[in-house]
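File shown: final-v2.pdb. Contents: PDB, C-alpha atoms and all ligand atoms.
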```
ATOM      1  CA  MET A  51     -28.324  49.737  -2.314
ATOM      2  CA  LEU A  52     -25.245  48.865  -0.366
ATOM      3  CA  VAL A  53     -22.850  46.020  -1.150
ATOM      4  CA  SER A  54     -21.829  44.744   2.259
ATOM      5  CA  ALA A  55     -19.131  42.350   3.406
ATOM      6  CA  ARG A  56     -20.153  40.255   6.377
ATOM      7  CA  SER A  57     -18.012  37.434   7.724
ATOM      8  CA  PHE A  58     -18.353  33.665   8.131
ATOM      9  CA  ALA A  59     -18.912  34.162  11.881
ATOM     10  CA  GLU A  60     -21.748  36.601  11.168
ATOM     11  CA  TYR A  61     -23.317  34.186   8.679
ATOM     12  CA  ARG A  62     -23.035  31.340  11.164
ATOM     13  CA  ALA A  63     -24.911  33.416  13.762
ATOM     14  CA  MET A  64     -27.430  35.037  11.357
ATOM     15  CA  PHE A  65     -28.485  31.683   9.958
ATOM     16  CA  ALA A  66     -27.924  29.542  13.076
ATOM     17  CA  LEU A  67     -25.627  27.304  11.029
ATOM     18  CA  THR A  68     -24.652  24.024  12.687
ATOM     19  CA  GLU A  69     -21.671  21.826  11.822
ATOM     20  CA  ARG A  70     -24.174  19.528  10.100
ATOM     21  CA  ASP A  71     -25.493  22.381   7.946
ATOM     22  CA  LEU A  72     -21.924  23.103   6.896
ATOM     23  CA  GLU A  73     -21.393  19.545   5.681
ATOM     24  CA  GLN A  74     -23.881  20.306   2.903
ATOM     25  CA  ARG A  75     -23.674  22.168  -0.384
ATOM     26  CA  VAL A  76     -24.488  25.783   0.407
ATOM     27  CA  LEU A  77     -25.533  28.715  -1.796
ATOM     28  CA  ASP A  78     -24.963  32.300  -0.641
ATOM     29  CA  CYS A  79     -27.225  34.648  -2.643
ATOM     30  CA  PRO A  80     -26.762  37.572  -2.681
ATOM     31  CA  ALA A  81     -23.193  37.240  -1.438
ATOM     32  CA  GLY A  82     -21.964  40.790  -2.158
ATOM     33  CA  ALA A  83     -18.391  41.072  -0.874
ATOM     34  CA  ALA A  84     -19.055  38.828   2.127
ATOM     35  CA  SER A  85     -16.219  36.520   3.135
ATOM     36  CA  PHE A  86     -18.570  33.633   3.960
ATOM     37  CA  VAL A  87     -17.648  31.551   0.905
ATOM     38  CA  ALA A  88     -13.926  32.359   1.246
ATOM     39  CA  GLU A  89     -13.799  31.338   4.898
ATOM     40  CA  ALA A  90     -16.128  28.384   4.301
ATOM     41  CA  GLY A  91     -13.712  27.155   1.611
ATOM     42  CA  GLN A  92     -10.837  27.262   4.101
ATOM     43  CA  ARG A  93     -12.896  25.000   6.365
ATOM     44  CA  GLY A  94     -13.627  22.568   3.540
ATOM     45  CA  VAL A  95     -17.268  23.662   3.157
ATOM     46  CA  ASP A  96     -18.753  23.312  -0.335
ATOM     47  CA  ALA A  97     -20.185  26.822  -0.786
ATOM     48  CA  VAL A  98     -20.934  28.990  -3.825
ATOM     49  CA  ALA A  99     -21.538  32.755  -3.994
ATOM     50  CA  VAL A 100     -23.958  34.451  -6.387
ATOM     51  CA  ASP A 101     -24.512  38.173  -6.812
ATOM     52  CA  ARG A 102     -25.763  40.458  -9.532
ATOM     53  CA  GLN A 103     -22.651  42.608  -9.165
ATOM     54  CA  TYR A 104     -20.333  39.799 -10.296
ATOM     55  CA  ALA A 105     -21.469  40.358 -13.886
ATOM     56  CA  GLU A 106     -19.966  43.830 -13.957
ATOM     57  CA  HIS A 107     -17.398  43.747 -11.163
ATOM     58  CA  ARG A 108     -15.503  40.662 -10.099
ATOM     59  CA  GLU A 109     -11.955  41.018  -8.768
ATOM     60  CA  GLU A 110     -12.485  44.759  -8.263
ATOM     61  CA  LEU A 111     -15.685  44.392  -6.206
ATOM     62  CA  GLY A 112     -13.808  43.904  -2.927
ATOM     63  CA  LEU A 113     -11.816  47.056  -3.582
ATOM     64  CA  LEU A 114     -14.946  49.034  -4.533
ATOM     65  CA  VAL A 115     -16.635  47.925  -1.326
ATOM     66  CA  GLU A 116     -13.597  48.947   0.717
ATOM     67  CA  ARG A 117     -13.586  52.401  -0.881
ATOM     68  CA  GLU A 118     -17.341  52.799  -0.620
ATOM     69  CA  THR A 119     -17.376  51.746   3.034
ATOM     70  CA  GLU A 120     -14.643  54.257   3.807
ATOM     71  CA  PHE A 121     -16.452  56.943   1.766
ATOM     72  CA  LYS A 122     -19.644  56.352   3.750
ATOM     73  CA  ARG A 123     -17.814  56.311   7.087
ATOM     74  CA  GLU A 124     -19.672  59.328   8.467
ATOM     75  CA  ARG A 125     -23.069  58.033   7.403
ATOM     76  CA  LEU A 126     -22.343  54.561   8.737
ATOM     77  CA  VAL A 127     -21.181  56.010  12.039
ATOM     78  CA  LYS A 128     -24.451  57.953  12.286
ATOM     79  CA  GLU A 129     -26.689  55.126  11.097
ATOM     80  CA  THR A 130     -25.158  52.376  13.143
ATOM     81  CA  VAL A 131     -25.225  54.082  16.521
ATOM     82  CA  GLY A 132     -26.735  51.466  18.797
ATOM     83  CA  TYR A 133     -26.491  48.709  16.208
ATOM     84  CA  ALA A 134     -24.943  45.289  16.403
ATOM     85  CA  ARG A 135     -23.109  45.858  19.647
ATOM     86  CA  ALA A 136     -22.363  42.158  19.989
ATOM     87  CA  TRP A 137     -20.427  42.188  16.737
ATOM     88  CA  TYR A 138     -18.826  45.583  16.459
ATOM     89  CA  ALA A 139     -17.352  47.668  19.254
ATOM     90  CA  ASP A 140     -18.383  50.786  17.309
ATOM     91  CA  ALA A 141     -18.877  51.963  13.740
ATOM     92  CA  ASP A 142     -15.115  52.246  13.183
ATOM     93  CA  ASP A 143     -14.726  48.652  14.228
ATOM     94  CA  MET A 144     -17.489  47.658  11.821
ATOM     95  CA  ILE A 145     -15.690  49.457   9.003
ATOM     96  CA  ARG A 146     -12.438  47.692   9.971
ATOM     97  CA  GLN A 147     -14.150  44.304   9.976
ATOM     98  CA  TRP A 148     -15.958  44.850   6.661
ATOM     99  CA  THR A 149     -12.700  46.002   5.099
ATOM    100  CA  ALA A 150     -10.951  42.818   6.247
ATOM    101  CA  ASN A 151     -13.875  40.698   5.008
ATOM    102  CA  ALA A 152     -13.877  42.462   1.623
ATOM    103  CA  ARG A 153     -10.139  41.719   1.345
ATOM    104  CA  ALA A 154     -10.698  38.035   2.093
ATOM    105  CA  PHE A 155     -13.447  38.032  -0.560
ATOM    106  CA  ARG A 156     -11.107  39.694  -3.033
ATOM    107  CA  ALA A 157      -8.361  37.132  -2.503
ATOM    108  CA  ASP A 158     -10.792  34.229  -2.837
ATOM    109  CA  ILE A 159     -12.609  35.414  -5.957
ATOM    110  CA  ALA A 160      -9.191  35.700  -7.627
ATOM    111  CA  ALA A 161      -8.018  32.281  -6.353
ATOM    112  CA  ARG A 162     -11.296  30.343  -6.843
ATOM    113  CA  PRO A 163     -13.314  32.226  -9.489
ATOM    114  CA  GLU A 164     -15.478  29.173 -10.131
ATOM    115  CA  ARG A 165     -17.038  29.659  -6.678
ATOM    116  CA  TYR A 166     -18.400  33.117  -7.615
ATOM    117  CA  LEU A 167     -21.155  33.286 -10.203
ATOM    118  CA  ALA A 168     -23.004  36.242 -11.621
ATOM    119  CA  GLY A 169     -26.729  35.809 -11.191
ATOM    120  CA  SER A 170     -29.849  37.774 -10.407
ATOM    121  CA  LEU A 171     -32.874  36.878  -8.410
ATOM    122  CA  PRO A 172     -35.520  35.947  -9.292
ATOM    123  CA  GLU A 173     -33.805  33.772 -11.930
ATOM    124  CA  LEU A 174     -30.677  31.916 -10.926
ATOM    125  CA  PRO A 175     -28.385  30.043 -13.320
ATOM    126  CA  PHE A 176     -28.804  26.627 -11.637
ATOM    127  CA  ALA A 177     -30.797  23.465 -12.176
ATOM    128  CA  ASP A 178     -33.439  22.492  -9.603
ATOM    129  CA  ASP A 179     -31.997  21.142  -6.316
ATOM    130  CA  SER A 180     -28.418  22.189  -7.103
ATOM    131  CA  PHE A 181     -27.782  22.968  -3.420
ATOM    132  CA  ASP A 182     -28.920  21.585  -0.091
ATOM    133  CA  LEU A 183     -29.202  24.904   1.671
ATOM    134  CA  ALA A 184     -29.573  28.479   0.358
ATOM    135  CA  LEU A 185     -28.714  31.497   2.517
ATOM    136  CA  SER A 186     -29.933  34.964   1.661
ATOM    137  CA  SER A 187     -29.008  37.968   3.738
ATOM    138  CA  HIS A 188     -29.850  41.648   3.505
ATOM    139  CA  LEU A 189     -31.718  41.805   0.209
ATOM    140  CA  LEU A 190     -35.170  40.202   0.492
ATOM    141  CA  PHE A 191     -37.279  41.990   3.144
ATOM    142  CA  SER A 192     -34.341  44.373   3.863
ATOM    143  CA  TYR A 193     -35.119  46.342   0.712
ATOM    144  CA  GLY A 194     -38.839  45.676   1.072
ATOM    145  CA  ASN A 195     -39.727  49.329   0.586
ATOM    146  CA  ARG A 196     -38.117  49.336  -2.880
ATOM    147  CA  LEU A 197     -38.439  45.765  -4.138
ATOM    148  CA  GLY A 198     -42.028  44.770  -4.776
ATOM    149  CA  ARG A 199     -44.094  41.931  -3.426
ATOM    150  CA  GLU A 200     -43.865  40.000  -6.696
ATOM    151  CA  PHE A 201     -40.072  40.190  -6.585
ATOM    152  CA  HIS A 202     -40.156  38.749  -3.069
ATOM    153  CA  ARG A 203     -42.531  35.952  -4.019
ATOM    154  CA  ALA A 204     -40.577  35.004  -7.137
ATOM    155  CA  GLY A 205     -37.199  35.379  -5.393
ATOM    156  CA  LEU A 206     -38.167  33.125  -2.494
ATOM    157  CA  LEU A 207     -39.596  30.490  -4.833
ATOM    158  CA  GLU A 208     -36.449  30.618  -6.949
ATOM    159  CA  LEU A 209     -34.271  29.994  -3.900
ATOM    160  CA  ALA A 210     -36.614  27.124  -2.925
ATOM    161  CA  ARG A 211     -36.238  25.690  -6.430
ATOM    162  CA  VAL A 212     -32.431  25.525  -6.306
ATOM    163  CA  ALA A 213     -32.166  24.389  -2.647
ATOM    164  CA  ARG A 214     -33.394  20.860  -2.073
ATOM    165  CA  ARG A 215     -33.659  21.109   1.714
ATOM    166  CA  GLU A 216     -33.958  24.630   3.095
ATOM    167  CA  VAL A 217     -33.745  28.349   2.418
ATOM    168  CA  ARG A 218     -32.884  30.750   5.240
ATOM    169  CA  ILE A 219     -33.438  34.499   4.961
ATOM    170  CA  PHE A 220     -32.210  37.183   7.343
ATOM    171  CA  PRO A 221     -33.384  39.699   8.518
ATOM    172  CA  LEU A 222     -37.154  40.115   8.387
ATOM    173  CA  VAL A 223     -37.095  43.889   8.781
ATOM    174  CA  VAL A 224     -36.896  46.698   6.250
ATOM    175  CA  TYR A 225     -33.487  48.372   6.394
ATOM    176  CA  ASP A 226     -34.697  52.000   6.334
ATOM    177  CA  THR A 227     -37.385  51.687   8.993
ATOM    178  CA  GLY A 228     -36.366  48.709  11.146
ATOM    179  CA  ALA A 229     -39.992  47.530  10.967
ATOM    180  CA  ARG A 230     -40.909  43.954  10.054
ATOM    181  CA  TYR A 231     -41.632  43.465   6.320
ATOM    182  CA  GLU A 232     -45.370  44.085   6.087
ATOM    183  CA  GLY A 233     -46.277  41.427   3.582
ATOM    184  CA  LEU A 234     -44.541  38.587   5.410
ATOM    185  CA  ALA A 235     -47.607  36.741   6.742
ATOM    186  CA  PRO A 236     -49.595  36.596   3.457
ATOM    187  CA  LEU A 237     -46.424  35.713   1.569
ATOM    188  CA  ARG A 238     -45.775  32.790   3.900
ATOM    189  CA  GLU A 239     -49.358  31.605   3.437
ATOM    190  CA  GLU A 240     -49.018  31.750  -0.317
ATOM    191  CA  LEU A 241     -45.711  29.857  -0.264
ATOM    192  CA  ALA A 242     -47.218  27.189   2.008
ATOM    193  CA  GLU A 243     -50.038  26.692  -0.513
ATOM    194  CA  LEU A 244     -47.397  26.179  -3.189
ATOM    195  CA  GLY A 245     -45.664  23.476  -1.132
ATOM    196  CA  VAL A 246     -43.126  25.607   0.716
ATOM    197  CA  PRO A 247     -43.999  25.747   4.417
ATOM    198  CA  SER A 248     -41.947  28.078   6.593
ATOM    199  CA  ARG A 249     -41.155  29.023  10.152
ATOM    200  CA  VAL A 250     -39.644  32.035  11.870
ATOM    201  CA  GLU A 251     -36.687  31.342  14.173
ATOM    202  CA  ARG A 252     -34.836  33.524  16.602
ATOM    203  CA  VAL A 253     -31.085  33.691  16.042
ATOM    204  CA  ALA A 254     -28.107  34.974  18.012
ATOM    205  CA  TYR A 255     -27.412  37.858  15.641
ATOM    206  CA  GLU A 256     -28.782  41.342  15.483
ATOM    207  CA  PHE A 257     -27.631  44.085  13.115
ATOM    208  CA  GLN A 258     -30.576  46.408  13.599
ATOM    209  CA  PRO A 259     -31.992  46.550  17.122
ATOM    210  CA  GLY A 260     -34.576  43.820  17.714
ATOM    211  CA  ALA A 261     -34.071  42.262  14.277
ATOM    212  CA  ASP A 262     -32.968  38.830  15.447
ATOM    213  CA  GLU A 263     -35.189  36.514  13.442
ATOM    214  CA  MET A 264     -34.721  34.522  10.266
ATOM    215  CA  LEU A 265     -37.268  32.912   7.977
ATOM    216  CA  VAL A 266     -36.702  29.225   7.213
ATOM    217  CA  LEU A 267     -38.402  27.794   4.120
ATOM    218  CA  SER A 268     -38.701  24.016   3.895
ATOM    219  CA  SER A 269     -38.133  23.435   0.215
ATOM    220  CA  ALA A 270     -37.949  19.609   0.189
ATOM    221  CA  GLY A 271     -41.506  19.212  -1.090
ATOM    222  CA  TYR A 272     -41.397  22.000  -3.670
ATOM    223  CA  ARG A 273     -41.571  21.181  -7.361
ATOM    224  CA  ALA A 274     -41.117  24.302  -9.446
ATOM    225  CA  PRO A 275     -43.212  24.609 -12.597
ATOM    226  CA  ALA A 276     -41.288  24.667 -15.870
ATOM    227  CA  ARG A 277     -40.280  28.176 -16.862
ATOM    228  CA  THR A 278     -42.365  29.790 -19.513
ATOM    229  CA  ALA A 279     -40.712  33.121 -20.170
ATOM    230  CA  PRO A 280     -37.393  34.595 -19.100
ATOM    231  CA  GLY A 281     -37.090  37.856 -17.219
ATOM    232  CA  ALA A 282     -40.102  37.418 -14.943
ATOM    233  CA  ALA A 283     -40.940  39.692 -12.070
ATOM    234  CA  GLY A 284     -37.712  41.675 -11.916
ATOM    235  CA  ALA A 285     -37.371  44.789  -9.851
ATOM    236  CA  ASP A 286     -34.533  47.205 -10.022
ATOM    237  CA  ASP A 287     -32.674  48.912  -7.241
ATOM    238  CA  PRO A 288     -29.187  49.381  -8.627
ATOM    239  CA  VAL A 289     -26.125  49.651  -6.462
ATOM    240  CA  ARG A 290     -24.726  53.188  -6.504
ATOM    241  CA  TRP A 291     -21.013  53.675  -5.973
ATOM    242  CA  ARG A 292     -21.266  57.065  -4.379
ATOM    243  CA  HIS A 293     -17.520  57.458  -3.990
ATOM    244  CA  ARG A 294     -17.369  57.490  -7.800
ATOM    245  CA  GLU A 295     -20.096  60.101  -8.264
ATOM    246  CA  PRO A 296     -19.379  63.825  -8.419
ATOM    247  CA  ARG A 297     -19.823  65.454  -5.042
ATOM    248  CA  ALA A 298     -23.099  67.393  -4.684
TER     249      ALA A 298
HETATM  250  C1  LIG B 301     -26.499  44.487   1.385
HETATM  251  S1  LIG B 301     -25.687  43.401   0.251
HETATM  252  C2  LIG B 301     -25.672  41.881   1.160
HETATM  253  C3  LIG B 301     -24.417  41.058   0.904
HETATM  254  C4  LIG B 301     -24.141  39.940   1.907
HETATM  255  N1  LIG B 301     -25.226  38.993   1.961
HETATM  256  C5  LIG B 301     -23.864  40.492   3.287
HETATM  257  O1  LIG B 301     -24.715  40.372   4.176
HETATM  258  O2  LIG B 301     -22.777  41.054   3.490
HETATM  259  C6  LIG B 301     -26.954  43.214  -0.984
HETATM  260  C7  LIG B 301     -26.449  42.570  -2.276
HETATM  261  O3  LIG B 301     -27.547  42.218  -3.102
HETATM  262  C8  LIG B 301     -27.099  42.237  -4.447
HETATM  263  N2  LIG B 301     -28.294  42.212  -5.318
HETATM  264  C9  LIG B 301     -29.180  43.200  -5.523
HETATM  265  N3  LIG B 301     -30.185  42.781  -6.300
HETATM  266  C10 LIG B 301     -29.925  41.486  -6.600
HETATM  267  C11 LIG B 301     -30.603  40.490  -7.354
HETATM  268  N4  LIG B 301     -31.781  40.746  -7.950
HETATM  269  N5  LIG B 301     -30.045  39.265  -7.447
HETATM  270  C12 LIG B 301     -28.864  38.981  -6.845
HETATM  271  N6  LIG B 301     -28.175  39.889  -6.118
HETATM  272  C13 LIG B 301     -28.712  41.107  -5.975
HETATM  273  C14 LIG B 301     -26.266  43.510  -4.507
HETATM  274  O4  LIG B 301     -25.391  43.492  -5.604
HETATM  275  C15 LIG B 301     -25.558  43.459  -3.143
HETATM  276  O5  LIG B 301     -24.289  42.855  -3.261
END
```
Could you rewrite the structure in this file as structure tokens?
Amino acid sequence: MLVSARSFAEYRAMFALTERDLEQRVLDCPAGAASFVAEAGQRGVDAVAVDRQYAEHREELGLLVERETEFKRERLVKETVGYARAWYADADDMIRQWTANARAFRADIAARPERYLAGSLPELPFADDSFDLALSSHLLFSYGNRLGREFHRAGLLELARVARREVRIFPLVVYDTGARYEGLAPLREELAELGVPSRVERVAYEFQPGADEMLVLSSAGYRAPARTAPGAAGADDPVRWRHREPRA
């Protein structure tokens, strides 16, 4: 799994964020080394970042992402041919932008550590309704060929539990194949039965060709059941820092 570093502008487009949305308390999970929270803070937005990696790596995560992105330059150049033309002139430009975003992240996590919390879906360290809006990019559905259906169900419900208004997830396609996550329709039906209706919306952002839709969960009517046991429904797809591994 990759730790990426998208920008505030990319988040705004991916999640169709309006000025009104940004007046609310926002959760970014998983935030990786994205600069959304850093740039949001500069605009006075009340935003908090959560990622599993913050338990092990905090201040150094930005640097690791910079090194890893550079290390994977060749692969990224190959993989991103034809991708995200509206955002990146070419793969080199993408690497430049992600490096700058990772640096902004690094400065902010050092300056405002309270805005960056270690946490793992599907169990977040927040009370119900702690946020108005939760944003989740490039984990759920993206890693749908490695993270199981139960992880998706529990992860989405957990985000709905901590967000009192809405949860937005982008994209709806599996990273490796570019195909829409297969279990999306039955999952949406199940969530609706549990009091979390949803809709799919087109957005003005595309990383993989044709992947320009987000899922919006309306969480206002959701009342999560009390937790019975910790550690439910986890699935593991650890981040690998390939630049730190011996060369094959
Ligand atoms: C591809 S990055 C996306 C980061 C950011 N949203 C972006 O678009 O730049 C995926 C992130 O998911 C995090 N992650 C993986 N499993 C997680 C889990 N169960 N709970 C929280 N974060 C997780 C990884 O550490 C990684 O930073």
Leaving out Asp158 (chain A) and any residue of its chain fewer than 5 positions from it, which residues lie within 10 Å of it when counting all atoms listed in the file, given as JSON, numbers by chain? {"A": [85, 87, 88, 89, 91, 92, 109, 152, 153, 163, 165, 166]}
Atom pair CA of Arg102 (chain A) / CA of Gly169 (chain A): separation (Å):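 It comes out at 5.0 Å.
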Could you tell me which residues the PyMOL selection byres (((not hetatm)) within 6 of (chain B and resi 301)) returns for this structure, as an MDAnalysis selection string? chainID A and resid 52:56 80:82 84 101:103 169:171 187:189
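With the shown file loaded, the PyMOL selection byres (((chain A and resi 230) around 12) and not hetatm) picks out Leu190, Phe191, Ser192, Tyr193, Gly194, Asn195, Phe220, Pro221, Leu222, Val223, Val224, Tyr225, Asp226, Thr227, Gly228, Ala229, Tyr231, Glu232, Gly233, Leu234, Ala235, Gln258, Pro259, Gly260, Ala261, Asp262, Glu263, Met264 and Leu265 of chain A.
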Identify which of the residues A:Phe121, A:Tyr272, A:Trp148, A:Trp137 lies closest to Ser248 (chain A), counting all atoms listed in the file when measuring atom-to-atom distances.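 Looking at the shortest contact to Ser248 (chain A), the residue is A:Tyr272.
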Given all atoms listed in the file as the counted atoms, nearest of A:Ile159, A:Leu183, A:Met64, A:Ala90 to Leu113 (chain A): A:Ile159
Can you turn the PyMOL selection byres (((chain A and resi 214) around 9) and not hetatm) into a concrete residue list for this file, as a PyMOL selection string? chain A and resi 178-184+210-213+215-217+268-272
Just how far from CA of Leu267 (chain A) is CA of Leu72 (chain A), in Å to one decimal?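 Spanning CA of Leu72 (chain A) to CA of Leu267 (chain A) is a straight-line distance of 17.4 Å.
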note - CA of Tyr104 (chain A) and CA of Ala168 (chain A) are separated by 4.6 Å
Nearest to Glu73 (chain A): which of A:Leu241, A:Ala59, A:Ala97, A:Leu197 is it, counting all atoms listed in the file? A:Ala97
Counting only C-alpha atoms, which residue out of A:Glu116, A:Arg162, A:Leu237, A:Ala177 sits closest to Gly205 (chain A)?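 Answer, going by the shortest atom-to-atom distance: A:Leu237.
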Closest to Asn151 (chain A) among A:Ser57, A:Ile219, A:Glu118, A:Arg62, using all atoms listed in the file?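 Distance minimum relative to Asn151 (chain A) lands on A:Ser57.
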